[in-house]
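> start.txt (compact mmCIF, C-alpha atoms) pasted underneath:
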```txt
# COMPACT_ATOMS: atom_id res chain seq x y z
CA MET G 173 90.38 92.34 115.82
CA THR G 174 88.67 94.36 113.12
CA PRO G 175 85.82 92.35 111.61
CA PRO G 176 86.22 91.69 107.85
CA ARG G 177 83.18 93.77 106.89
CA HIS G 178 84.42 96.64 109.02
CA GLY G 179 87.80 96.30 107.32
CA ARG G 180 86.24 96.52 103.87
CA ILE G 181 84.28 99.63 104.80
CA ALA G 182 87.39 101.16 106.29
CA ARG G 183 89.41 100.43 103.15
CA ALA G 184 86.67 101.88 100.94
CA ALA G 185 86.46 105.03 103.07
CA MET G 186 90.23 105.37 103.04
CA ALA G 187 90.08 105.60 99.24
CA LEU G 188 87.84 108.66 99.46
CA PRO G 189 90.63 111.24 99.26
CA LEU G 190 91.85 109.51 96.09
CA LEU G 191 88.36 109.71 94.56
CA LEU G 192 88.39 113.46 95.13
CA LEU G 193 91.30 113.68 92.71
CA ILE G 194 88.72 113.01 89.95
CA PRO G 195 87.43 116.51 89.05
CA PRO G 196 83.71 115.69 88.48
CA LEU G 197 83.46 113.90 91.83
CA ARG G 198 85.29 116.69 93.57
CA HIS G 199 83.05 119.26 91.93
CA ILE G 200 79.96 117.59 93.38
CA LEU G 201 81.15 118.36 96.90
CA GLU G 202 82.88 121.66 96.23
CA ALA G 203 80.20 123.27 94.05
CA SER G 204 78.34 124.27 97.21
CA MET G 205 79.90 126.03 100.17
CA LEU G 206 77.77 123.99 102.56
CA THR G 207 78.90 120.61 101.23
CA HIS G 208 82.47 121.86 100.85
CA MET G 209 82.71 122.70 104.54
CA LEU G 210 80.23 120.39 106.19
CA VAL G 211 80.53 117.26 104.06
CA GLU G 212 83.92 117.22 102.37
CA PHE G 213 85.99 118.26 105.38
CA PRO G 214 84.35 115.73 107.74
CA LEU G 215 84.59 112.99 105.12
CA LEU G 216 88.30 113.57 104.68
CA PHE G 217 88.73 113.63 108.44
CA ILE G 218 86.79 110.39 108.90
CA ALA G 219 88.69 108.76 106.02
CA GLY G 220 91.92 109.64 107.82
CA GLY G 221 90.56 108.19 111.05
CA LEU G 222 89.64 104.95 109.34
CA ALA G 223 93.07 104.82 107.74
CA GLY G 224 94.49 105.20 111.24
CA GLY G 225 92.39 102.25 112.38
CA TRP G 226 93.58 100.16 109.45
CA LEU G 227 97.21 100.98 110.19
CA THR G 228 96.73 100.18 113.87
CA HIS G 229 95.09 96.89 112.96
CA HIS G 230 98.15 95.98 110.94
CA ARG G 231 100.44 97.08 113.75
CA LEU G 232 101.75 100.03 111.80
CA PRO G 233 102.39 103.45 113.37
CA ALA G 234 99.25 105.56 113.20
CA GLY G 235 99.56 108.29 115.77
CA LEU G 236 101.74 110.85 117.39
CA PRO G 237 104.44 109.56 119.76
CA ALA G 238 102.85 109.02 123.16
CA VAL G 239 105.67 110.87 124.90
CA ALA G 240 104.68 114.13 123.16
CA ASP G 241 100.95 113.49 123.22
CA ALA G 242 100.05 113.17 126.89
CA HIS G 243 96.27 113.11 127.33
CA GLY G 244 96.06 113.38 123.53
CA LEU G 245 96.72 117.09 123.83
CA LEU G 246 98.99 117.45 120.82
CA GLY G 247 96.69 115.53 118.47
CA LEU G 248 93.62 117.41 119.63
CA ALA G 249 95.46 120.75 119.36
CA LEU G 250 96.51 119.82 115.84
CA ALA G 251 92.89 119.05 114.94
CA SER G 252 91.86 122.44 116.35
CA CYS G 253 94.51 124.20 114.26
CA VAL G 254 93.51 122.41 111.06
CA GLY G 255 89.84 123.16 111.72
CA ALA G 256 90.56 126.85 112.40
CA LEU G 257 92.73 127.14 109.31
CA TRP G 258 89.97 125.91 107.02
CA MET G 259 87.43 128.29 108.51
CA ILE G 260 89.34 131.18 106.89
CA PRO G 261 87.29 132.20 103.83
CA SER G 262 90.32 132.81 101.61
CA MET G 263 91.43 129.21 102.16
CA LEU G 264 88.19 127.92 100.66
CA ASP G 265 88.68 130.00 97.52
CA LEU G 266 92.37 129.21 97.24
CA SER G 267 91.68 125.50 97.55
CA LEU G 268 89.47 125.80 94.45
CA LEU G 269 91.86 128.00 92.48
CA ASP G 270 95.29 126.72 93.45
CA ALA G 271 96.19 123.05 93.05
CA SER G 272 98.84 123.16 95.79
CA VAL G 273 96.38 124.58 98.33
CA GLN G 274 93.86 121.97 97.24
CA ALA G 275 96.37 119.19 97.84
CA SER G 276 97.20 120.73 101.22
CA LYS G 277 93.52 120.64 102.12
CA TYR G 278 93.13 116.95 101.37
CA ALA G 279 96.42 116.10 103.06
CA SER G 280 95.81 118.19 106.18
CA TRP G 281 92.29 116.89 106.86
CA THR G 282 93.20 113.28 106.14
CA LEU G 283 96.38 113.36 108.19
CA CYS G 284 94.56 115.18 110.96
CA GLY G 285 91.92 112.44 111.07
CA LEU G 286 94.59 109.75 111.04
CA LEU G 287 96.51 111.25 113.96
CA PHE G 288 93.37 112.25 115.84
CA ARG G 289 92.29 108.66 116.35
CA SER G 290 95.06 107.70 118.75
CA SER G 291 95.04 111.08 120.50
CA TRP G 292 91.29 110.81 121.12
CA LYS G 293 91.86 107.48 122.83
CA ARG G 294 94.49 109.03 125.07
CA ALA G 295 92.29 111.95 126.11
CA GLY G 296 90.32 111.85 129.34
CA PRO G 297 86.77 113.19 129.65
CA VAL G 298 87.80 116.70 130.68
CA VAL G 299 90.31 117.09 127.86
CA SER G 300 87.79 115.64 125.39
CA ALA G 301 85.06 117.99 126.59
CA PHE G 302 87.42 120.96 126.45
CA PHE G 303 88.46 120.09 122.89
CA LEU G 304 84.89 119.58 121.73
CA GLY G 305 83.70 122.72 123.48
CA ASN G 306 86.47 124.73 121.90
CA THR G 307 85.67 123.29 118.47
CA GLY G 308 81.98 124.07 118.94
CA TRP G 309 82.78 127.63 119.98
CA MET G 310 85.02 128.09 116.94
CA LEU G 311 82.40 126.71 114.56
CA ALA G 312 79.67 128.84 116.11
CA THR G 313 81.82 131.98 115.83
CA ALA G 314 82.63 131.26 112.19
CA GLY G 315 78.99 130.42 111.49
CA LEU G 316 77.73 133.67 113.03
CA LEU G 317 80.34 135.71 111.15
CA TYR G 318 79.34 134.00 107.91
CA GLN G 319 75.73 134.95 108.58
CA GLU G 320 76.53 138.52 109.63
CA ALA G 321 78.70 139.37 106.62
CA GLN G 322 76.93 141.70 104.22
CA GLN G 323 79.24 140.85 101.34
CA ARG G 324 80.45 137.62 99.86
CA LEU G 325 83.37 136.21 101.81
CA CYS G 326 84.26 133.77 99.03
CA VAL G 327 84.38 134.68 95.36
CA SER G 328 83.47 131.08 94.54
CA TYR G 329 80.13 131.10 96.36
CA LEU G 330 76.99 133.20 96.44
CA LEU G 331 75.85 135.23 99.43
CA ASP G 332 72.86 132.93 99.94
CA GLU G 333 75.13 129.89 100.22
CA GLN G 334 77.24 131.75 102.76
CA LEU G 335 74.18 132.36 104.89
CA ILE G 336 73.10 128.72 104.72
CA THR G 337 76.62 127.53 105.49
CA GLY G 338 76.73 129.87 108.49
CA ARG G 339 73.56 128.29 109.81
CA GLY G 340 74.98 124.83 109.16
CA LEU G 341 78.14 125.66 111.09
CA VAL G 342 76.10 126.88 114.05
CA ALA G 343 73.98 123.72 113.94
CA LEU G 344 77.12 121.58 113.92
CA ALA G 345 78.52 123.65 116.78
CA ILE G 346 75.41 122.92 118.86
CA LEU G 347 75.73 119.22 118.07
CA ILE G 348 79.38 119.17 119.08
CA GLY G 349 78.60 121.17 122.21
CA ALA G 350 76.02 118.57 123.19
CA PHE G 351 78.60 115.88 122.54
CA ALA G 352 81.03 117.72 124.83
CA VAL G 353 78.47 117.66 127.64
CA THR G 354 77.87 113.95 126.98
CA CYS G 355 81.58 113.31 127.44
CA LEU G 356 81.40 114.79 130.91
CA VAL G 357 78.17 113.21 132.13
CA THR G 358 78.19 109.66 130.77
CA PRO G 359 79.04 107.01 133.38
CA GLN G 360 82.19 105.99 131.58
CA GLY G 361 83.21 109.60 131.26
CA ARG G 362 83.77 109.01 127.57
CA VAL G 363 81.85 107.80 124.59
CA PHE G 364 83.10 106.28 121.39
CA ASN G 365 85.74 104.24 123.14
CA PRO G 366 87.28 101.79 120.73
CA ARG G 367 85.50 98.44 120.77
CA ASP G 368 88.61 96.39 120.74
CA ARG G 369 90.23 97.97 123.77
CA GLY G 370 89.38 98.14 127.41
CA PRO G 371 89.19 101.51 129.12
CA SER G 372 92.41 101.05 131.00
CA ARG G 373 94.44 100.30 127.88
CA ALA G 374 92.62 102.91 125.86
CA ARG G 375 93.51 105.73 128.19
CA ALA G 376 96.92 104.77 129.33
CA PRO G 377 99.74 106.45 127.48
CA ALA G 378 102.42 104.18 126.16
CA GLU G 379 104.76 103.32 128.93
CA MET C 170 86.34 113.43 136.79
CA LEU C 171 89.79 112.48 138.02
CA ALA C 172 88.34 109.96 140.44
CA ARG C 173 86.36 108.46 137.61
CA GLY C 174 89.48 108.23 135.50
CA GLY C 175 91.30 106.52 138.36
CA ALA C 176 88.49 104.03 138.73
CA THR C 177 88.93 102.94 135.14
CA GLY C 178 92.64 102.39 135.55
CA PHE C 179 93.84 105.69 134.09
CA ILE C 180 97.58 106.03 134.51
CA PRO C 181 98.69 109.65 134.41
CA PRO C 182 101.54 110.49 132.08
CA ASP C 183 104.86 111.06 133.78
CA ASN C 184 106.43 114.48 134.10
CA ARG C 185 108.73 113.91 131.16
CA SER C 186 105.79 113.23 128.90
CA LEU C 187 103.91 116.29 130.16
CA VAL C 188 106.92 118.53 129.53
CA ALA C 189 107.43 117.09 126.05
CA THR C 190 103.74 117.48 125.27
CA SER C 191 103.71 121.06 126.52
CA LEU C 192 106.71 121.95 124.38
CA ALA C 193 105.23 120.20 121.33
CA CYS C 194 101.91 122.03 121.80
CA LEU C 195 103.76 125.33 122.16
CA ALA C 196 105.73 124.66 118.95
CA LEU C 197 102.49 123.74 117.18
CA LEU C 198 100.82 126.93 118.38
CA VAL C 199 103.74 129.08 117.25
CA ALA C 200 103.79 127.35 113.85
CA PHE C 201 100.03 127.78 113.47
CA LEU C 202 100.11 131.46 114.39
CA ALA C 203 102.99 132.05 111.96
CA LEU C 204 101.10 130.23 109.20
CA ALA C 205 97.88 132.15 109.87
CA ASP C 206 99.87 135.39 109.98
CA GLY C 207 101.33 134.63 106.56
CA LEU C 208 98.04 133.53 105.04
CA THR C 209 96.15 136.59 106.27
CA ARG C 210 99.12 138.98 105.86
CA GLY C 211 99.27 139.99 109.46
CA TYR C 212 95.72 139.00 110.41
CA ARG C 213 94.38 141.77 108.15
CA LEU C 214 93.08 140.01 105.04
CA TRP C 215 90.72 137.10 105.45
CA THR C 216 89.14 136.85 102.01
CA PHE C 217 90.52 136.00 98.59
CA GLU C 218 89.24 139.32 97.23
CA SER C 219 91.07 141.35 99.88
CA LEU C 220 94.28 139.40 99.19
CA ARG C 221 93.82 140.04 95.46
CA ARG C 222 93.41 143.77 96.00
CA ASP C 223 96.45 143.81 98.24
CA ASP C 224 98.41 142.04 95.48
CA ALA C 225 97.22 144.65 93.01
CA ALA C 226 98.20 147.56 95.25
CA ALA C 227 101.67 146.02 95.53
CA GLY C 228 101.95 145.50 91.76
CA ARG C 229 102.10 141.71 92.05
CA ILE C 230 99.51 140.93 89.35
CA LYS C 231 100.53 141.05 85.71
CA ALA C 232 97.74 140.85 83.14
CA PRO C 233 98.61 138.84 80.04
CA SER C 234 98.19 140.51 76.69
CA ILE C 235 95.48 138.78 74.67
CA LEU C 236 93.38 139.38 71.57
CA LEU C 237 89.88 140.78 72.04
CA ALA C 238 87.13 140.33 69.46
CA GLY C 239 84.69 143.23 69.50
CA PRO C 240 82.49 145.48 67.38
CA GLN C 241 85.56 147.01 65.74
CA GLY C 242 87.11 143.62 64.91
CA THR C 243 89.92 141.78 66.65
CA THR C 244 92.43 143.92 68.50
CA PRO C 245 95.03 143.15 71.18
CA THR C 246 94.62 144.46 74.69
CA PRO C 247 96.13 147.97 74.86
CA TRP C 248 98.85 146.67 77.15
CA PRO C 249 101.75 146.62 76.54
CA GLY C 250 101.33 150.22 75.43
CA PRO C 251 103.07 153.59 75.46
CA PRO C 252 104.55 154.46 78.87
CA GLY C 253 102.28 156.66 80.95
CA GLU C 254 99.01 155.19 79.73
CA ILE C 255 96.56 153.71 82.23
CA TYR C 256 93.63 151.48 81.35
CA ILE C 257 90.43 151.28 83.36
CA VAL C 258 89.32 147.69 82.87
CA ASP C 259 86.07 146.03 83.85
CA PHE C 260 84.49 142.66 83.12
CA VAL C 261 80.97 142.46 81.80
CA TYR C 262 78.44 140.17 80.19
CA THR C 263 75.96 141.76 77.86
CA ARG C 264 72.87 140.02 79.26
CA CYS C 265 73.56 141.47 82.71
CA PRO C 266 70.52 143.54 83.63
CA THR C 267 71.86 145.15 86.80
CA VAL C 268 75.46 145.85 87.72
CA CYS C 269 76.99 145.64 84.24
CA ALA C 270 74.29 147.86 82.78
CA ALA C 271 74.90 150.43 85.53
CA LEU C 272 78.63 150.11 84.99
CA GLY C 273 78.12 150.59 81.27
CA ALA C 274 76.40 153.88 82.11
CA GLU C 275 79.33 154.88 84.32
CA TYR C 276 81.74 154.02 81.53
CA THR C 277 79.73 156.28 79.24
CA ARG C 278 80.15 159.09 81.78
CA MET C 279 83.88 158.44 82.17
CA GLN C 280 84.24 158.36 78.39
CA ALA C 281 82.55 161.78 78.17
CA LEU C 282 84.88 163.20 80.85
CA LEU C 283 87.99 161.84 79.12
CA ASP C 284 86.79 163.04 75.74
CA LYS C 285 86.18 166.51 77.10
CA ARG C 286 89.62 166.70 78.70
CA PHE C 287 91.87 164.89 76.23
CA GLY C 288 89.89 164.28 73.07
CA ALA C 289 90.83 161.12 71.22
CA HIS C 290 94.38 161.04 72.66
CA SER C 291 93.62 160.33 76.28
CA PRO C 292 96.37 158.76 78.43
CA VAL C 293 93.55 156.99 80.28
CA ARG C 294 91.45 154.60 78.25
CA LEU C 295 88.56 152.35 79.05
CA VAL C 296 88.47 148.60 78.40
CA SER C 297 85.44 146.35 78.90
CA ILE C 298 86.11 142.62 78.61
CA ALA C 299 83.10 140.35 78.11
CA PHE C 300 83.25 136.78 79.41
CA ASP C 301 79.92 135.07 78.65
CA ARG C 302 81.13 133.25 75.55
CA PRO C 303 77.83 131.66 74.42
CA HIS C 304 75.94 134.94 74.60
CA ASP C 305 78.47 137.76 74.13
CA THR C 306 78.44 137.40 70.37
CA PRO C 307 79.73 140.10 68.00
CA ALA C 308 76.13 141.22 67.49
CA ALA C 309 75.45 141.39 71.24
CA LEU C 310 78.66 143.36 71.79
CA ALA C 311 77.76 145.73 68.94
CA HIS C 312 74.38 146.28 70.56
CA TYR C 313 76.03 146.93 73.95
CA ALA C 314 78.45 149.38 72.31
CA SER C 315 75.61 151.19 70.62
CA ASP C 316 73.53 151.33 73.81
CA HIS C 317 76.40 152.92 75.72
CA ARG C 318 77.61 155.18 72.92
CA GLN C 319 81.05 153.59 72.86
CA ASN C 320 83.77 155.70 71.24
CA PRO C 321 86.40 153.22 69.99
CA ALA C 322 89.17 155.81 70.41
CA LEU C 323 88.58 155.89 74.17
CA TRP C 324 86.79 152.65 74.99
CA LEU C 325 87.80 149.19 73.83
CA LEU C 326 85.10 146.53 74.08
CA GLY C 327 85.61 142.86 73.27
CA ILE C 328 85.59 139.24 74.32
CA PRO C 329 88.82 137.21 74.49
CA GLN C 330 89.32 135.59 71.12
CA SER C 331 89.76 132.13 72.58
CA ALA C 332 88.41 130.38 75.66
CA ALA C 333 91.96 129.51 76.68
CA ALA C 334 93.03 133.16 76.56
CA GLN C 335 89.97 134.12 78.59
CA GLU C 336 90.73 131.45 81.18
CA ASP C 337 94.34 132.62 81.35
CA LEU C 338 93.36 136.27 81.82
CA LEU C 339 90.65 135.65 84.42
CA ARG C 340 92.76 133.19 86.37
CA THR C 341 95.78 135.48 86.38
CA LEU C 342 93.72 138.39 87.63
CA GLY C 343 91.83 136.19 90.11
CA ILE C 344 88.41 136.88 88.65
CA VAL C 345 85.77 134.25 89.32
CA ALA C 346 82.35 134.34 87.67
CA ILE C 347 79.77 131.91 89.03
CA PRO C 348 76.15 131.35 87.93
CA ASP C 349 73.80 133.42 90.05
CA GLY C 350 70.95 130.96 89.74
CA LEU C 351 68.89 133.47 87.75
CA GLY C 352 70.52 132.90 84.39
CA GLY C 353 73.29 135.44 84.94
CA PHE C 354 76.57 135.60 86.80
CA THR C 355 77.93 136.90 90.05
CA HIS C 356 81.58 137.88 89.76
CA ASN C 357 84.31 139.90 91.39
CA GLY C 358 85.06 141.78 88.19
CA ALA C 359 85.56 145.15 89.82
CA ILE C 360 87.28 148.11 88.16
CA HIS C 361 90.95 147.32 87.52
CA LEU C 362 93.57 149.96 86.82
CA ILE C 363 96.20 148.42 84.54
CA ASP C 364 99.32 150.26 83.45
CA ALA C 365 101.10 150.19 80.10
CA GLN C 366 103.21 147.20 81.16
CA GLY C 367 100.11 145.18 82.00
CA THR C 368 100.62 145.45 85.77
CA VAL C 369 97.42 145.77 87.76
CA ARG C 370 97.97 148.81 89.96
CA ALA C 371 94.66 149.01 91.84
CA ILE C 372 91.22 147.42 92.09
CA HIS C 373 88.13 149.42 93.02
CA ASP C 374 84.54 148.50 93.71
CA LEU C 375 82.18 149.27 90.87
CA ASP C 376 80.50 152.13 92.73
CA GLN C 377 83.87 153.75 93.36
CA TRP C 378 84.38 154.65 89.71
CA PRO C 379 85.04 158.37 90.40
CA ARG C 380 87.89 157.43 92.72
CA ALA C 381 89.17 154.92 90.14
CA LEU C 382 89.13 157.62 87.47
CA ASP C 383 90.95 160.09 89.72
CA GLN C 384 93.61 157.54 90.54
CA ALA C 385 94.01 156.57 86.87
CA LEU C 386 94.48 160.21 85.91
CA ALA C 387 96.97 160.72 88.73
CA MET C 388 99.00 157.69 87.64
CA SER C 389 98.90 158.53 83.94
CA LYS C 390 101.16 160.96 82.15
CA GLY C 391 98.16 163.31 82.08
CA GLY C 392 98.59 164.02 85.78
CA HIS C 393 95.94 164.71 88.37
CA PRO C 394 92.83 166.61 87.21
```
Show me the file's structure as structure tokens.

Amino acid sequence: MTPPRHGRIARAAMALPLLLLIPPLRHILEASMLTHMLVEFPLLFIAGGLAGGWLTHHRLPAGLPAVADAHGLLGLALASCVGALWMIPSMLDLSLLDASVQASKYASWTLCGLLFRSSWKRAGPVVSAFFLGNTGWMLATAGLLYQEAQQRLCVSYLLDEQLITGRGLVALAILIGAFAVTCLVTPQGRVFNPRDRGPSRARAPAE
Amino acid sequence: MLARGGATGFIPPDNRSLVATSLACLALLVAFLALADGLTRGYRLWTFESLRRDDAAAGRIKAPSILLAGPQGTTPTPWPGPPGEIYIVDFVYTRCPTVCAALGAEYTRMQALLDKRFGAHSPVRLVSIAFDRPHDTPAALAHYASDHRQNPALWLLGIPQSAAAQEDLLRTLGIVAIPDGLGGFTHNGAIHLIDAQGTVRAIHDLDQWPRALDQALAMSKGGHP
């Protein structure tokens, strides 16, 4: 069972994407490239994950069908695709200049977080480590490219911000890489297993 | 790793599930590659500015006609204009100490070249649009015009008469000006070649003004120099 306090926090976090519909609040996060990529995206993703937990708690569907998500592969692949898509510099600009792209950004990250939750539970240590390693590699590549570029990649941000964001992406990549190693070496083979489920139930696909 | 999974009661998915998952992942990958291909136009264009220039080269950007307030009073943009005319358009703010000042000097040179070749009836004309509304006052624009020896017959200088018109023009052209942290702006207001119908035909970097001028002359009824 989800404790009441946990439930309140989850509900509050789930409202985050709605708060971003208020321009001044959105502007706080999107005024800087660093917070746009390294705060807003993760927050939307986490809000989606918490929404997934809330739906699961109320016995509502909150994940991809188990039959098409063996080992959580489809959900993790979807998360990789969404992450890669929003590393493209033009997508950052378009999300600030085009309302439909902006809506797609909020929807894709939130939905990705929602679906990721159940897929992550289905994934074994090797699949988890592979996904995290791949994500870290992608972030590091993007981060290095952002730092190498001599010109602005986004018309909405300054060159200095691009450099700082590149460093931030590399730092996050290192963190995620370390997490990938943790997945492989911890005694349980996994970390962040859901509290309310035993390992056997957590990893078994729906039969 | 597998032994560890077995120890915790891991039940491997059956073959049907693995096949379905493989097919779903393949479909996702194909969809993602198709989407990325569309967004980057064949994995060529990764930035908003490169997409904008590609749109311009394909004639997909249409500049709205607006009123400009400048040293010579309020006049409409030269587009729509007589067929065969081409306008070399840039975006400036009068306080700009670096790029805009250098570009103003280049505009002075282009104006001299056009004057020498065509006199006051050039098929290629220059347009500078200011965007710093609090500071680009009529007096500031008059000072800028004087500094750069603007000839009104060849070079139109002005600021959009209303903020809404300015927003409409900049948004349509995809021009974004952001504070540079030093009291000025950083913007992608490169040199735009706009034809008599208001269609943006090409966008050049500021330092490529000779190439922009050559292309404008080639596209205009005046022909290539």
> Quick one: which chain G residues come within 8 Å of chain C, and what is the nearest atom pair for each with the distance in Å to one decimal, counting all atoms listed in the file, rows ordered by chain and ascending number, as CSV?

```
residue,atom,partner,partner_atom,distance
G:Ala238,CA,C:Ser186,CA,7.7
G:Val239,CA,C:Ser186,CA,4.6
G:Ala240,CA,C:Thr190,CA,4.1
G:Asp241,CA,C:Thr190,CA,5.3
G:Ala242,CA,C:Thr190,CA,5.9
G:His243,CA,C:Pro182,CA,7.6
G:Leu245,CA,C:Thr190,CA,7.2
G:Leu246,CA,C:Cys194,CA,5.5
G:Ala249,CA,C:Cys194,CA,7.0
G:Leu250,CA,C:Leu197,CA,7.3
G:Cys253,CA,C:Phe201,CA,6.6
G:Leu257,CA,C:Ala205,CA,7.2
G:Ile260,CA,C:Trp215,CA,6.2
G:Pro261,CA,C:Thr216,CA,5.3
G:Ser262,CA,C:Thr216,CA,4.2
G:Met263,CA,C:Phe217,CA,7.7
G:Asp265,CA,C:Phe217,CA,6.4
G:Leu266,CA,C:Phe217,CA,7.2
G:Gly296,CA,C:Gly174,CA,7.2
G:Pro297,CA,C:Met170,CA,7.2
G:Val298,CA,C:Met170,CA,7.1
G:Leu325,CA,C:Thr216,CA,5.8
G:Cys326,CA,C:Thr216,CA,6.5
G:Val327,CA,C:Val345,CA,6.2
G:Ser328,CA,C:Val345,CA,6.5
G:Tyr329,CA,C:Ile347,CA,7.4
G:Leu330,CA,C:Asp349,CA,7.1
G:Leu356,CA,C:Met170,CA,7.8
G:Gln360,CA,C:Arg173,CA,7.7
G:Gly361,CA,C:Arg173,CA,7.2
G:Pro371,CA,C:Thr177,CA,6.2
G:Ser372,CA,C:Gly178,CA,4.7
G:Arg375,CA,C:Phe179,CA,5.9
G:Ala376,CA,C:Ile180,CA,5.4
G:Pro377,CA,C:Pro182,CA,6.4
```
> For CA of Arg213 (chain C) and CA of Leu206 (chain G), quote the distance in Å rounded to one decimal.
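Taking CA of Arg213 (chain C) and CA of Leu206 (chain G), their separation equals 25.0 Å.
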> Using CA of Leu362 (chain C) and CA of Met279 (chain C) as the two end points, give the distance in Å to one decimal.
13.7 Å
> What's the separation between CA of Gln322 (chain G) and CA of Arg339 (chain G), in Å to one decimal place?
14.9 Å
> Using all atoms listed in the file - which residues lie no farther than 12 Å from the point (84.2, 143.9, 64.4) in the file's frame? Write them as a list in words.
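Residues lying no farther than 12 Å from the given point: Leu237, Ala238, Gly239, Pro240, Gln241, Gly242, Thr243, Thr244, Thr306, Pro307, Ala308, Ala309, Leu310, Ala311, His312, Ala314, Pro321, Leu325, Leu326, Gly327, Ile328 and Gln330 of chain C.
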> Using only C-alpha atoms - which residues lie no farther than 12 Å from the point (86.9, 104.2, 99.6) in the file's frame? Write them as a list in words.
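Residues with an atom close enough to that point: Gly179, Arg180, Ile181, Ala182, Arg183, Ala184, Ala185, Met186, Ala187, Leu188, Pro189, Leu190, Leu191, Leu192, Leu215, Leu216, Ile218, Ala219, Gly220, Leu222 and Ala223 of chain G.
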> For region 343-353 of chain G, find every residue with an atom within 10 Å (counting all atoms listed in the file), except residues of its own chain fewer than 4 positions away, and show them as a PyMOL selection string.
chain G and resi 210+297-315+337-339+357-358+362-363
> With a distance cut-off of 10 Å and only C-alpha atoms, select the neighbouring residues of Ala321 (chain G), excluding the residue or stretch itself and same-chain residues fewer than 5 positions from it, and output the selection as a list in words.
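Non-adjacent residues within range: Leu316, Leu331, Gln334, Leu335 and Gly338 of chain G.
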> Could you give me, as a PyMOL selection string, the residues within 9 Å of Arg229 (chain C), counting all atoms listed in the file and dropping anything in the same chain fewer than 2 positions from it?
chain C and resi 223-227+231+368-370
> Based on the selection just made, write C-alpha atoms of those residues as an mmCIF file, in the coordinates of the input.

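Final file, again-v5.cif:
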```cif
data_model
loop_
_atom_site.group_PDB
_atom_site.id
_atom_site.type_symbol
_atom_site.label_atom_id
_atom_site.label_comp_id
_atom_site.auth_asym_id
_atom_site.auth_seq_id
_atom_site.Cartn_x
_atom_site.Cartn_y
_atom_site.Cartn_z
ATOM 1 C CA ASP C 223 96.450 143.810 98.240
ATOM 2 C CA ASP C 224 98.410 142.040 95.480
ATOM 3 C CA ALA C 225 97.220 144.650 93.010
ATOM 4 C CA ALA C 226 98.200 147.560 95.250
ATOM 5 C CA ALA C 227 101.670 146.020 95.530
ATOM 6 C CA LYS C 231 100.530 141.050 85.710
ATOM 7 C CA THR C 368 100.620 145.450 85.770
ATOM 8 C CA VAL C 369 97.420 145.770 87.760
ATOM 9 C CA ARG C 370 97.970 148.810 89.960
#
```
> Taking into account all atoms listed in the file, which residue in the set G:Leu201, G:Ala279, G:Leu287, G:Val273 is nearest to Ala251 (chain G)?
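With all atoms listed in the file as the atom set, the closest residue is G:Leu287.
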